[in-house]
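J.: Handing you this structure, nothing more for now.
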Amino acid sequence: MHRHGVSDESWGNCSAERLDIQKFANKTENVDDMLKLLQKRVINELRKTFEISDDETDLPFVLEEVFDENQQPFVFVIDEWDCVLREKKNSAEDQKTYLNFLCDLFKGQSYLALAYMTGILPIKKYGKHSAINTFYEYSMTDAEPISEFTGFTESEVKELCEKYNKSFQEMKRWYDGYNLNGISIYNPKSVVESILRGQFNNYWSSTETYESVRHYIEMNFDGLKDKITQLIAGEKIEINPGKFKNDMTTLRSADDIFTLLVHLGYLTYDFYTKQVWIPNSEVAQEFVNSIEDGGWEEVMDAINVSSRLLDLTLKCDEEKVAEMIAKVHSDNTSILKYNDENSLSCVISLAYYSARKDYIIHRELATGEGFADVVFIPRKKSDKPAMIVELKKDCSADEAIEQIKNRNYSDKISEYTGEILLVGISYDEQKGHTCKIEKTQKVF
């Protein structure tokens, strides 16, 4: 039974209170009024079951009184607990008022059997209000031991795809990629939406938060713009989430902003390698949408011409391919410096951005007697050939092709059984970019 975001029901020997903080915030202009309304509604619900003084308006006092007289503890389930921290992110006074209320409600109270709160942000580290530390926290940076329950697991998605005759590979491309302590998690809302609507699309429920950090990114604060470009290109970046203060304003480094974007679902985080990356095609599209409005012309130019680059590669037009890759490098030279083949591979990943629709792209894939720099495996039902791309700095493209052959890279591409393109790309500070492309056939 819900009334204005409140319900009161029996839970074993406990009384359960369910609160949706967002609903109370939507009905009031400020935090003081929100808390008055919340307490009034909960106390009115309690009066239906317990005898409570008519003039009592302080919820913790009421709960203490009820518990003392009835020895019945309470369970609180609170949704959107952090909406005040997000919506009042620039008001320290509002945050203080709200956090003091939560502290009074939960800290050391005999009437409390359990409090379960959900939201985007973890609860600790709010200055002096870190006293709200009686909770176990499960977040997008460390969800153990409930990782598998934070979304749909791969086995669950496979079952749904079989039941509703959907392509599992497409579902994986669009909505997989969240890494929760080593478990692959899918966005449940988007999976359900794609099944109900009958098509794969961007059903991302974005927040205003990316806009709130955009100014940090565009001024290249702590190298953020450069790092965002690397993420869009498919790179992974190591971060330290431990410094994050769990609010929307105390952002002092790229690590803080990336950690915030992890909690918001824009990035995923590997607890073991401490790396972040863009999890799937749905979120990647959201990043592209966010940079289309200006200030990212060089990156957008690379993305917009990436389909043509793929077509030219498939046609083995070596000269044009080298020319287009050279332009991507030149346009983004401040971001993607060529210190080694690894930097060159970042340029390649950005230049072939649109290929992700038709290919699963692997960086440093173990093949034959070594690791191929970039491998393009066609997705199921694609008629395009596989591609092995070897990158060289200060060596020739011919040498790159010879390395692919000598180390038998193509022999280990077990996912593909047809034509393979061998692509050698070289960069020399004097000669610029060169490209060599050869066709071969996988032999069994």
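Starting from 1 in every chain, residues are counted up; chains themselves are A, B, ... following the order of the structure tokens, and ligands are numbered from 1 as listed.
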Can you tell me, as a list of chain:residue names, what residues are no more than 12 Å from Lys436 in chain A when counting only C-alpha atoms, ignoring any on the same chain fewer than 4 positions away?

T.: A:Thr313, A:Cys316, A:Asp317, A:Glu318, A:Glu319, A:Lys320, A:Val321, A:Ala322, A:Ile388, A:Val389, A:Glu390, A:Leu391, A:Lys392, A:Ser396, A:Ala397, A:Asp398, A:Glu399, A:Ala400, A:Ile401, A:Glu402, A:Ile404, A:Leu421, A:Leu422, A:Val423, A:Gly424, A:Ile425, A:Ser426

J.: Now that the selection is made, can you save its residues with C-alpha atoms as a PDB file, in the first residue's frame?

T.:
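As a result, part.pdb now contains:
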ATOM      1  CA  THR A 313      40.108  -1.269 -46.352  1.00  0.00           C
ATOM      2  CA  CYS A 316      42.313  -3.023 -50.380  1.00  0.00           C
ATOM      3  CA  ASP A 317      42.864   0.632 -51.292  1.00  0.00           C
ATOM      4  CA  GLU A 318      46.180   0.917 -49.455  1.00  0.00           C
ATOM      5  CA  GLU A 319      46.964   4.499 -50.413  1.00  0.00           C
ATOM      6  CA  LYS A 320      43.581   5.905 -49.334  1.00  0.00           C
ATOM      7  CA  VAL A 321      43.597   3.912 -46.101  1.00  0.00           C
ATOM      8  CA  ALA A 322      47.030   5.311 -45.181  1.00  0.00           C
ATOM      9  CA  ILE A 388      44.247  -8.841 -38.624  1.00  0.00           C
ATOM     10  CA  VAL A 389      45.926  -5.444 -38.226  1.00  0.00           C
ATOM     11  CA  GLU A 390      49.594  -5.264 -37.293  1.00  0.00           C
ATOM     12  CA  LEU A 391      51.036  -1.877 -36.370  1.00  0.00           C
ATOM     13  CA  LYS A 392      54.621  -0.741 -36.686  1.00  0.00           C
ATOM     14  CA  SER A 396      57.641  -0.749 -43.004  1.00  0.00           C
ATOM     15  CA  ALA A 397      54.104  -1.967 -43.579  1.00  0.00           C
ATOM     16  CA  ASP A 398      55.612  -4.929 -45.444  1.00  0.00           C
ATOM     17  CA  GLU A 399      57.423  -5.931 -42.248  1.00  0.00           C
ATOM     18  CA  ALA A 400      54.098  -5.799 -40.406  1.00  0.00           C
ATOM     19  CA  ILE A 401      52.545  -8.195 -42.945  1.00  0.00           C
ATOM     20  CA  GLU A 402      55.530 -10.548 -42.663  1.00  0.00           C
ATOM     21  CA  ILE A 404      51.484 -11.677 -39.237  1.00  0.00           C
ATOM     22  CA  LEU A 421      42.515  -9.529 -44.630  1.00  0.00           C
ATOM     23  CA  LEU A 422      46.067  -8.994 -43.419  1.00  0.00           C
ATOM     24  CA  VAL A 423      46.595  -5.284 -42.825  1.00  0.00           C
ATOM     25  CA  GLY A 424      49.987  -3.787 -42.052  1.00  0.00           C
ATOM     26  CA  ILE A 425      50.088  -0.139 -40.977  1.00  0.00           C
ATOM     27  CA  SER A 426      53.314   1.734 -40.347  1.00  0.00           C
TER      28      SER A 426
END

J.: Assign secondary structure with DSSP using the backbone only, and return the residues of range 186-373 of chain A in helix (DSSP H, G or I) as a compact mmCIF listing (two decimals) with N, CA, C and O atoms, in the first residue's frame.

T.:
# COMPACT_ATOMS: atom_id res chain seq x y z
N PRO A 188 19.35 -4.28 -17.30
CA PRO A 188 18.05 -4.98 -17.36
C PRO A 188 16.94 -4.18 -18.03
O PRO A 188 16.12 -4.73 -18.76
N LYS A 189 16.91 -2.86 -17.76
CA LYS A 189 15.86 -2.04 -18.37
C LYS A 189 15.95 -2.09 -19.88
O LYS A 189 14.94 -2.25 -20.58
N SER A 190 17.15 -1.96 -20.41
CA SER A 190 17.31 -1.92 -21.86
C SER A 190 17.04 -3.28 -22.49
O SER A 190 16.49 -3.37 -23.59
N VAL A 191 17.43 -4.37 -21.81
CA VAL A 191 17.14 -5.71 -22.32
C VAL A 191 15.63 -5.90 -22.44
O VAL A 191 15.12 -6.36 -23.47
N VAL A 192 14.90 -5.53 -21.40
CA VAL A 192 13.44 -5.68 -21.41
C VAL A 192 12.82 -4.79 -22.48
O VAL A 192 11.93 -5.22 -23.22
N GLU A 193 13.28 -3.55 -22.58
CA GLU A 193 12.75 -2.63 -23.59
C GLU A 193 12.95 -3.18 -25.00
O GLU A 193 12.06 -3.11 -25.85
N SER A 194 14.14 -3.74 -25.26
CA SER A 194 14.42 -4.25 -26.60
C SER A 194 13.51 -5.42 -26.95
O SER A 194 13.09 -5.58 -28.10
N ILE A 195 13.17 -6.23 -25.95
CA ILE A 195 12.26 -7.36 -26.19
C ILE A 195 10.84 -6.87 -26.40
O ILE A 195 10.14 -7.29 -27.34
N LEU A 196 10.39 -5.94 -25.56
CA LEU A 196 9.01 -5.44 -25.67
C LEU A 196 8.80 -4.66 -26.97
O LEU A 196 7.74 -4.76 -27.59
N ARG A 197 9.80 -3.90 -27.40
CA ARG A 197 9.66 -3.05 -28.59
C ARG A 197 10.06 -3.76 -29.87
O ARG A 197 9.82 -3.25 -30.97
N THR A 209 23.86 14.53 -15.11
CA THR A 209 25.18 14.59 -14.49
C THR A 209 26.30 14.75 -15.50
O THR A 209 27.30 15.42 -15.23
N TYR A 210 26.20 14.13 -16.67
CA TYR A 210 27.26 14.31 -17.65
C TYR A 210 27.40 15.78 -18.00
O TYR A 210 28.51 16.28 -18.18
N GLU A 211 26.27 16.49 -18.07
CA GLU A 211 26.33 17.93 -18.34
C GLU A 211 27.07 18.65 -17.22
O GLU A 211 27.79 19.62 -17.46
N SER A 212 26.90 18.18 -15.99
CA SER A 212 27.52 18.87 -14.87
C SER A 212 29.04 18.70 -14.84
O SER A 212 29.73 19.49 -14.20
N VAL A 213 29.56 17.67 -15.51
CA VAL A 213 31.02 17.49 -15.55
C VAL A 213 31.59 17.87 -16.92
O VAL A 213 32.80 17.82 -17.11
N ARG A 214 30.72 18.27 -17.85
CA ARG A 214 31.19 18.58 -19.19
C ARG A 214 32.24 19.69 -19.19
O ARG A 214 33.21 19.65 -19.95
N HIS A 215 32.05 20.71 -18.34
CA HIS A 215 32.99 21.83 -18.36
C HIS A 215 34.38 21.39 -17.91
O HIS A 215 35.38 21.93 -18.38
N TYR A 216 34.44 20.41 -17.01
CA TYR A 216 35.75 19.87 -16.64
C TYR A 216 36.41 19.19 -17.83
O TYR A 216 37.61 19.32 -18.06
N ILE A 217 35.61 18.47 -18.58
CA ILE A 217 36.12 17.69 -19.70
C ILE A 217 36.59 18.61 -20.82
O ILE A 217 37.68 18.45 -21.38
N GLU A 218 35.78 19.60 -21.15
CA GLU A 218 36.09 20.46 -22.30
C GLU A 218 37.28 21.37 -22.02
O GLU A 218 37.97 21.78 -22.96
N PHE A 221 40.50 19.37 -18.08
CA PHE A 221 40.88 19.31 -16.68
C PHE A 221 41.51 17.95 -16.36
O PHE A 221 40.91 16.92 -16.55
N ASP A 222 42.76 17.98 -15.90
CA ASP A 222 43.50 16.76 -15.57
C ASP A 222 43.56 15.79 -16.76
O ASP A 222 43.54 14.58 -16.59
N GLY A 223 43.62 16.35 -17.99
CA GLY A 223 43.71 15.53 -19.19
C GLY A 223 42.44 14.79 -19.53
O GLY A 223 42.46 13.78 -20.26
N LEU A 224 41.28 15.29 -19.05
CA LEU A 224 40.02 14.55 -19.20
C LEU A 224 39.59 14.38 -20.65
O LEU A 224 39.15 13.31 -21.06
N LYS A 225 39.70 15.44 -21.44
CA LYS A 225 39.25 15.34 -22.83
C LYS A 225 40.06 14.30 -23.59
O LYS A 225 39.52 13.50 -24.37
N ASP A 226 41.36 14.30 -23.34
CA ASP A 226 42.22 13.31 -23.97
C ASP A 226 41.79 11.90 -23.57
O ASP A 226 41.71 10.99 -24.41
N LYS A 227 41.50 11.73 -22.29
CA LYS A 227 41.17 10.39 -21.79
C LYS A 227 39.79 9.94 -22.26
O LYS A 227 39.57 8.75 -22.54
N ILE A 228 38.84 10.89 -22.37
CA ILE A 228 37.52 10.55 -22.90
C ILE A 228 37.65 10.09 -24.35
O ILE A 228 37.00 9.12 -24.78
N THR A 229 38.50 10.76 -25.12
CA THR A 229 38.74 10.35 -26.50
C THR A 229 39.30 8.93 -26.55
O THR A 229 38.88 8.11 -27.39
N GLN A 230 40.22 8.62 -25.67
CA GLN A 230 40.76 7.27 -25.62
C GLN A 230 39.68 6.25 -25.27
O GLN A 230 39.64 5.15 -25.84
N LEU A 231 38.78 6.61 -24.35
CA LEU A 231 37.68 5.71 -24.00
C LEU A 231 36.75 5.48 -25.20
O LEU A 231 36.32 4.35 -25.46
N ILE A 232 36.44 6.55 -25.92
CA ILE A 232 35.58 6.42 -27.10
C ILE A 232 36.25 5.52 -28.14
O ILE A 232 35.58 4.76 -28.86
N PRO A 241 39.57 4.86 -7.54
CA PRO A 241 38.26 5.33 -7.07
C PRO A 241 38.23 5.66 -5.59
O PRO A 241 37.24 6.20 -5.09
N GLY A 242 39.30 5.36 -4.86
CA GLY A 242 39.29 5.53 -3.42
C GLY A 242 39.25 6.97 -2.96
O GLY A 242 38.86 7.26 -1.83
N LYS A 243 39.63 7.92 -3.83
CA LYS A 243 39.64 9.33 -3.44
C LYS A 243 38.28 10.00 -3.61
O LYS A 243 38.06 11.10 -3.12
N ALA A 254 40.71 13.62 -12.58
CA ALA A 254 40.06 12.76 -13.56
C ALA A 254 39.55 11.49 -12.88
O ALA A 254 38.47 10.98 -13.23
N ASP A 255 40.28 10.98 -11.89
CA ASP A 255 39.84 9.79 -11.15
C ASP A 255 38.48 10.02 -10.51
O ASP A 255 37.60 9.14 -10.55
N ASP A 256 38.28 11.20 -9.90
CA ASP A 256 36.99 11.50 -9.26
C ASP A 256 35.86 11.50 -10.27
O ASP A 256 34.78 10.93 -10.03
N ILE A 257 36.07 12.14 -11.40
CA ILE A 257 35.02 12.24 -12.42
C ILE A 257 34.73 10.88 -13.03
O ILE A 257 33.56 10.50 -13.22
N PHE A 258 35.76 10.11 -13.32
CA PHE A 258 35.52 8.78 -13.87
C PHE A 258 34.81 7.88 -12.86
O PHE A 258 33.96 7.07 -13.24
N THR A 259 35.15 8.01 -11.58
CA THR A 259 34.46 7.22 -10.56
C THR A 259 32.99 7.60 -10.49
O THR A 259 32.12 6.72 -10.38
N LEU A 260 32.70 8.90 -10.57
CA LEU A 260 31.30 9.34 -10.61
C LEU A 260 30.58 8.75 -11.82
O LEU A 260 29.45 8.26 -11.71
N LEU A 261 31.23 8.75 -12.98
CA LEU A 261 30.61 8.21 -14.19
C LEU A 261 30.41 6.70 -14.09
O LEU A 261 29.48 6.16 -14.70
N VAL A 262 31.24 6.02 -13.31
CA VAL A 262 31.02 4.59 -13.06
C VAL A 262 29.73 4.40 -12.26
O VAL A 262 28.88 3.57 -12.60
N HIS A 263 29.56 5.19 -11.19
CA HIS A 263 28.35 5.07 -10.36
C HIS A 263 27.09 5.41 -11.16
O HIS A 263 26.02 4.87 -10.88
N SER A 281 27.53 -0.76 -26.69
CA SER A 281 27.17 0.15 -27.78
C SER A 281 26.17 1.20 -27.35
O SER A 281 26.20 2.34 -27.84
N GLU A 282 25.26 0.84 -26.44
CA GLU A 282 24.24 1.79 -25.99
C GLU A 282 24.89 2.99 -25.31
O GLU A 282 24.59 4.15 -25.63
N VAL A 283 25.81 2.74 -24.39
CA VAL A 283 26.45 3.83 -23.67
C VAL A 283 27.45 4.56 -24.58
O VAL A 283 27.60 5.78 -24.48
N ALA A 284 28.10 3.81 -25.47
CA ALA A 284 29.01 4.45 -26.43
C ALA A 284 28.27 5.48 -27.26
O ALA A 284 28.78 6.58 -27.52
N GLN A 285 27.04 5.16 -27.66
CA GLN A 285 26.24 6.11 -28.43
C GLN A 285 25.91 7.34 -27.61
O GLN A 285 25.89 8.46 -28.12
N GLU A 286 25.70 7.15 -26.31
CA GLU A 286 25.43 8.29 -25.44
C GLU A 286 26.64 9.22 -25.35
O GLU A 286 26.50 10.43 -25.34
N PHE A 287 27.83 8.64 -25.31
CA PHE A 287 29.05 9.46 -25.32
C PHE A 287 29.15 10.24 -26.62
O PHE A 287 29.48 11.43 -26.62
N VAL A 288 28.89 9.56 -27.74
CA VAL A 288 28.97 10.24 -29.04
C VAL A 288 27.94 11.36 -29.10
O VAL A 288 28.23 12.48 -29.57
N ASN A 289 26.71 11.10 -28.62
CA ASN A 289 25.68 12.14 -28.60
C ASN A 289 26.15 13.35 -27.80
O ASN A 289 25.87 14.51 -28.15
N SER A 290 26.86 13.09 -26.72
CA SER A 290 27.26 14.18 -25.82
C SER A 290 28.37 15.05 -26.38
O SER A 290 28.57 16.17 -25.92
N ILE A 291 29.11 14.55 -27.38
CA ILE A 291 30.22 15.35 -27.91
C ILE A 291 29.89 15.96 -29.28
O ILE A 291 30.73 16.62 -29.88
N GLU A 297 35.27 18.46 -32.70
CA GLU A 297 35.15 18.29 -34.15
C GLU A 297 36.10 17.23 -34.71
O GLU A 297 35.71 16.43 -35.58
N GLU A 298 37.33 17.20 -34.21
CA GLU A 298 38.31 16.24 -34.74
C GLU A 298 37.89 14.80 -34.46
O GLU A 298 38.00 13.93 -35.32
N VAL A 299 37.39 14.57 -33.25
CA VAL A 299 36.95 13.22 -32.88
C VAL A 299 35.72 12.84 -33.70
O VAL A 299 35.64 11.72 -34.24
N MET A 300 34.77 13.76 -33.82
CA MET A 300 33.56 13.47 -34.59
C MET A 300 33.88 13.25 -36.07
O MET A 300 33.26 12.41 -36.73
N ASP A 301 34.83 14.01 -36.59
CA ASP A 301 35.23 13.80 -38.00
C ASP A 301 35.74 12.37 -38.20
O ASP A 301 35.41 11.71 -39.20
N ALA A 302 36.56 11.90 -37.26
CA ALA A 302 37.09 10.53 -37.36
C ALA A 302 35.96 9.51 -37.31
O ALA A 302 35.95 8.53 -38.07
N ILE A 303 34.99 9.72 -36.41
CA ILE A 303 33.87 8.79 -36.30
C ILE A 303 33.01 8.82 -37.56
O ILE A 303 32.60 7.77 -38.08
N ASN A 304 32.77 10.03 -38.08
CA ASN A 304 31.88 10.17 -39.25
C ASN A 304 32.45 9.56 -40.52
O ASN A 304 31.70 9.14 -41.41
N SER A 306 34.58 6.95 -40.47
CA SER A 306 35.08 5.61 -40.19
C SER A 306 34.43 4.54 -41.06
O SER A 306 35.07 3.53 -41.39
N SER A 307 33.17 4.75 -41.47
CA SER A 307 32.53 3.78 -42.37
C SER A 307 33.23 3.75 -43.72
O SER A 307 33.44 2.67 -44.31
N ARG A 308 33.59 4.93 -44.22
CA ARG A 308 34.31 4.99 -45.50
C ARG A 308 35.68 4.34 -45.38
O ARG A 308 36.12 3.64 -46.31
N LEU A 309 36.36 4.53 -44.26
CA LEU A 309 37.67 3.91 -44.07
C LEU A 309 37.55 2.38 -44.11
O LEU A 309 38.38 1.71 -44.73
N LEU A 310 36.51 1.85 -43.48
CA LEU A 310 36.32 0.40 -43.50
C LEU A 310 36.07 -0.09 -44.92
O LEU A 310 36.65 -1.10 -45.36
N ASP A 311 35.23 0.63 -45.66
CA ASP A 311 34.96 0.24 -47.05
C ASP A 311 36.25 0.24 -47.89
O ASP A 311 36.49 -0.68 -48.68
N LEU A 312 37.08 1.25 -47.71
CA LEU A 312 38.33 1.33 -48.47
C LEU A 312 39.28 0.21 -48.07
O LEU A 312 40.02 -0.32 -48.92
N THR A 313 39.26 -0.16 -46.80
CA THR A 313 40.11 -1.27 -46.35
C THR A 313 39.66 -2.57 -46.99
O THR A 313 40.48 -3.36 -47.47
N LEU A 314 38.35 -2.80 -47.00
CA LEU A 314 37.82 -4.03 -47.60
C LEU A 314 38.09 -4.08 -49.10
O LEU A 314 38.19 -5.16 -49.69
N GLU A 318 45.13 0.65 -50.43
CA GLU A 318 46.18 0.92 -49.45
C GLU A 318 46.51 2.40 -49.32
O GLU A 318 46.70 2.91 -48.21
N GLU A 319 46.59 3.09 -50.44
CA GLU A 319 46.96 4.50 -50.41
C GLU A 319 45.93 5.34 -49.68
O GLU A 319 46.28 6.19 -48.84
N LYS A 320 44.64 5.12 -49.98
CA LYS A 320 43.58 5.90 -49.33
C LYS A 320 43.48 5.58 -47.84
O LYS A 320 43.22 6.45 -47.02
N VAL A 321 43.65 4.31 -47.51
CA VAL A 321 43.60 3.91 -46.10
C VAL A 321 44.69 4.63 -45.32
O VAL A 321 44.45 5.21 -44.25
N ALA A 322 45.92 4.62 -45.85
CA ALA A 322 47.03 5.31 -45.18
C ALA A 322 46.75 6.80 -45.05
O ALA A 322 47.03 7.42 -44.02
N GLU A 323 46.17 7.38 -46.08
CA GLU A 323 45.86 8.82 -46.09
C GLU A 323 44.83 9.16 -45.02
O GLU A 323 44.97 10.17 -44.29
N MET A 324 43.79 8.34 -44.88
CA MET A 324 42.74 8.64 -43.91
C MET A 324 43.22 8.43 -42.47
O MET A 324 42.89 9.21 -41.58
N ILE A 325 44.02 7.40 -42.25
CA ILE A 325 44.57 7.18 -40.91
C ILE A 325 45.51 8.32 -40.53
O ILE A 325 45.53 8.78 -39.39
N ALA A 326 46.27 8.80 -41.51
CA ALA A 326 47.17 9.93 -41.27
C ALA A 326 46.38 11.16 -40.83
O ALA A 326 46.81 11.92 -39.95
N LYS A 327 45.19 11.36 -41.43
CA LYS A 327 44.37 12.52 -41.07
C LYS A 327 43.84 12.39 -39.64
O LYS A 327 43.83 13.37 -38.88
N VAL A 328 43.39 11.19 -39.27
CA VAL A 328 42.91 10.99 -37.90
C VAL A 328 44.03 11.28 -36.91
O VAL A 328 43.83 11.95 -35.89
N HIS A 329 45.23 10.81 -37.23
CA HIS A 329 46.38 11.07 -36.36
C HIS A 329 46.68 12.57 -36.29
O HIS A 329 46.84 13.14 -35.21
N SER A 330 46.73 13.22 -37.45
CA SER A 330 47.06 14.64 -37.49
C SER A 330 46.04 15.48 -36.74
O SER A 330 46.40 16.39 -35.99
N ASP A 331 44.75 15.16 -36.92
CA ASP A 331 43.69 15.94 -36.28
C ASP A 331 43.70 15.79 -34.76
O ASP A 331 43.28 16.69 -34.03
N GLU A 341 53.67 1.40 -30.64
CA GLU A 341 52.57 0.78 -31.37
C GLU A 341 51.25 0.85 -30.59
O GLU A 341 50.17 0.90 -31.18
N ASN A 342 51.34 0.89 -29.26
CA ASN A 342 50.12 0.95 -28.46
C ASN A 342 49.37 2.26 -28.70
O ASN A 342 48.14 2.29 -28.77
N SER A 343 50.10 3.37 -28.85
CA SER A 343 49.47 4.64 -29.16
C SER A 343 48.86 4.61 -30.56
O SER A 343 47.77 5.15 -30.79
N LEU A 344 49.57 4.00 -31.49
CA LEU A 344 49.05 3.88 -32.85
C LEU A 344 47.76 3.05 -32.87
O LEU A 344 46.83 3.37 -33.60
N SER A 345 47.68 2.04 -32.02
CA SER A 345 46.48 1.20 -31.99
C SER A 345 45.27 1.98 -31.51
O SER A 345 44.14 1.70 -31.89
N CYS A 346 45.49 2.99 -30.65
CA CYS A 346 44.38 3.84 -30.21
C CYS A 346 43.82 4.63 -31.38
O CYS A 346 42.60 4.78 -31.53
N VAL A 347 44.71 5.15 -32.23
CA VAL A 347 44.27 5.86 -33.43
C VAL A 347 43.49 4.92 -34.35
O VAL A 347 42.45 5.28 -34.90
N ILE A 348 43.97 3.71 -34.51
CA ILE A 348 43.29 2.73 -35.37
C ILE A 348 41.89 2.44 -34.83
O ILE A 348 40.92 2.38 -35.59
N SER A 349 41.78 2.26 -33.53
CA SER A 349 40.47 1.97 -32.93
C SER A 349 39.49 3.11 -33.16
O SER A 349 38.31 2.89 -33.43
N LEU A 350 39.97 4.35 -33.05
CA LEU A 350 39.10 5.50 -33.30
C LEU A 350 38.76 5.60 -34.78
O LEU A 350 37.61 5.85 -35.15
N ALA A 351 39.75 5.38 -35.65
CA ALA A 351 39.53 5.50 -37.09
C ALA A 351 38.53 4.47 -37.60
O ALA A 351 37.78 4.74 -38.55
N TYR A 353 35.96 3.27 -35.89
CA TYR A 353 34.89 3.27 -34.88
C TYR A 353 33.63 2.56 -35.37
O TYR A 353 33.06 1.72 -34.66
N SER A 354 33.16 2.85 -36.57
CA SER A 354 31.89 2.29 -37.06
C SER A 354 31.97 0.80 -37.33
O SER A 354 30.94 0.13 -37.46
N ALA A 355 33.19 0.24 -37.39
CA ALA A 355 33.34 -1.19 -37.65
C ALA A 355 32.75 -2.03 -36.52
O ALA A 355 32.49 -3.23 -36.70
N ARG A 356 32.52 -1.43 -35.35
CA ARG A 356 32.00 -2.19 -34.22
C ARG A 356 30.62 -2.76 -34.49
O ARG A 356 30.20 -3.70 -33.82
N LYS A 357 29.90 -2.18 -35.44
CA LYS A 357 28.58 -2.72 -35.77
C LYS A 357 28.69 -4.09 -36.42
O LYS A 357 27.81 -4.93 -36.27

J.: Restricting the calculation to only C-alpha atoms, which member of A:Thr134, A:Ser110, A:Ser253, A:Thr268 is positioned closest to Ile183 in chain A?

T.: A:Thr268

J.: Can you work out which one of A:Gln441, A:Thr141, A:Asn26, A:Gln72 has the shortest atom-to-atom distance to Tyr272 in chain A, counting only C-alpha atoms?

T.: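 With only C-alpha atoms as the atom set, the closest residue is A:Thr141.
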
J.: From the list A:Ile21, A:Cys14, A:Ile413, A:Ala115, which residue is nearest His362 in chain A when using only C-alpha atoms?

T.: A:Ile413

J.: Near range 29-39 of chain A, counting only C-alpha atoms, which residues have an atom at most 9 Å away, once you skip same-chain residues fewer than 6 positions from it, shown as a list in words?

T.: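 Counting only C-alpha atoms, the residues come to His4, Gly5, Val6, Leu19, Ile21, Thr57, Asp58, Leu59, Val84, Lys88, Asp94, Gln95, Thr97, Tyr98 and Phe101 of chain A.
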
J.: Could you find all residues in range 298-391 of chain A that DSSP calls strand (DSSP E or B) from the backbone, and write them as a CSV table (one decimal) with N, CA and C atoms, in the first residue's frame?

T.:
chain,number,residue,atom,x,y,z
A,359,TYR,N,31.8,-6.0,-36.4
A,359,TYR,CA,32.9,-6.8,-35.9
A,359,TYR,C,33.0,-6.7,-34.4
A,360,ILE,N,33.5,-7.8,-33.8
A,360,ILE,CA,34.0,-7.8,-32.5
A,360,ILE,C,35.5,-7.5,-32.6
A,361,ILE,N,35.9,-6.4,-31.9
A,361,ILE,CA,37.3,-5.9,-32.1
A,361,ILE,C,38.1,-6.3,-30.8
A,362,HIS,N,39.2,-7.0,-31.1
A,362,HIS,CA,40.1,-7.4,-30.0
A,362,HIS,C,41.4,-6.7,-30.1
A,363,ARG,N,41.8,-6.1,-28.9
A,363,ARG,CA,43.2,-5.6,-28.8
A,363,ARG,C,44.1,-6.6,-28.2
A,364,GLU,N,45.3,-6.7,-28.8
A,364,GLU,CA,46.3,-7.6,-28.2
A,364,GLU,C,45.8,-9.0,-28.0
A,365,LEU,N,45.2,-9.6,-29.1
A,365,LEU,CA,44.6,-10.9,-29.1
A,365,LEU,C,45.7,-12.0,-29.2
A,366,ALA,N,45.7,-12.9,-28.3
A,366,ALA,CA,46.7,-14.0,-28.4
A,366,ALA,C,46.4,-14.9,-29.6
A,367,THR,N,47.4,-14.9,-30.6
A,367,THR,CA,47.2,-15.6,-31.8
A,367,THR,C,48.5,-16.2,-32.2
A,370,GLY,N,52.3,-15.2,-30.8
A,370,GLY,CA,52.4,-13.8,-30.2
A,370,GLY,C,51.0,-13.2,-30.1
A,371,PHE,N,51.0,-11.9,-30.0
A,371,PHE,CA,49.8,-11.1,-29.8
A,371,PHE,C,49.6,-10.2,-31.0
A,372,ALA,N,48.5,-10.4,-31.8
A,372,ALA,CA,48.1,-9.5,-32.9
A,372,ALA,C,47.6,-8.2,-32.3
A,373,ASP,N,48.0,-7.1,-32.9
A,373,ASP,CA,47.7,-5.8,-32.3
A,373,ASP,C,46.2,-5.5,-32.3
A,374,VAL,N,45.5,-5.6,-33.4
A,374,VAL,CA,44.1,-5.4,-33.5
A,374,VAL,C,43.5,-6.5,-34.4
A,375,VAL,N,42.5,-7.2,-33.9
A,375,VAL,CA,41.8,-8.3,-34.7
A,375,VAL,C,40.4,-8.0,-34.8
A,376,PHE,N,39.8,-8.0,-36.0
A,376,PHE,CA,38.4,-7.8,-36.3
A,376,PHE,C,37.8,-9.1,-36.6
A,377,ILE,N,36.9,-9.6,-35.7
A,377,ILE,CA,36.2,-10.8,-36.0
A,377,ILE,C,34.8,-10.5,-36.4
A,378,PRO,N,34.3,-10.9,-37.6
A,378,PRO,CA,32.9,-10.6,-38.0
A,378,PRO,C,31.9,-11.1,-37.0
A,386,ALA,N,37.3,-11.4,-41.9
A,386,ALA,CA,38.0,-11.1,-40.7
A,386,ALA,C,39.2,-10.2,-41.1
A,387,MET,N,39.8,-9.4,-40.1
A,387,MET,CA,40.9,-8.6,-40.4
A,387,MET,C,41.9,-8.7,-39.3
A,388,ILE,N,43.2,-8.9,-39.6
A,388,ILE,CA,44.2,-8.8,-38.6
A,388,ILE,C,45.1,-7.6,-39.0
A,389,VAL,N,45.2,-6.7,-38.0
A,389,VAL,CA,45.9,-5.4,-38.2
A,389,VAL,C,47.2,-5.5,-37.4
A,390,GLU,N,48.3,-5.3,-38.0
A,390,GLU,CA,49.6,-5.3,-37.3
A,390,GLU,C,50.2,-3.9,-37.5
A,391,LEU,N,50.6,-3.3,-36.4
A,391,LEU,CA,51.0,-1.9,-36.4
A,391,LEU,C,52.5,-1.8,-36.1
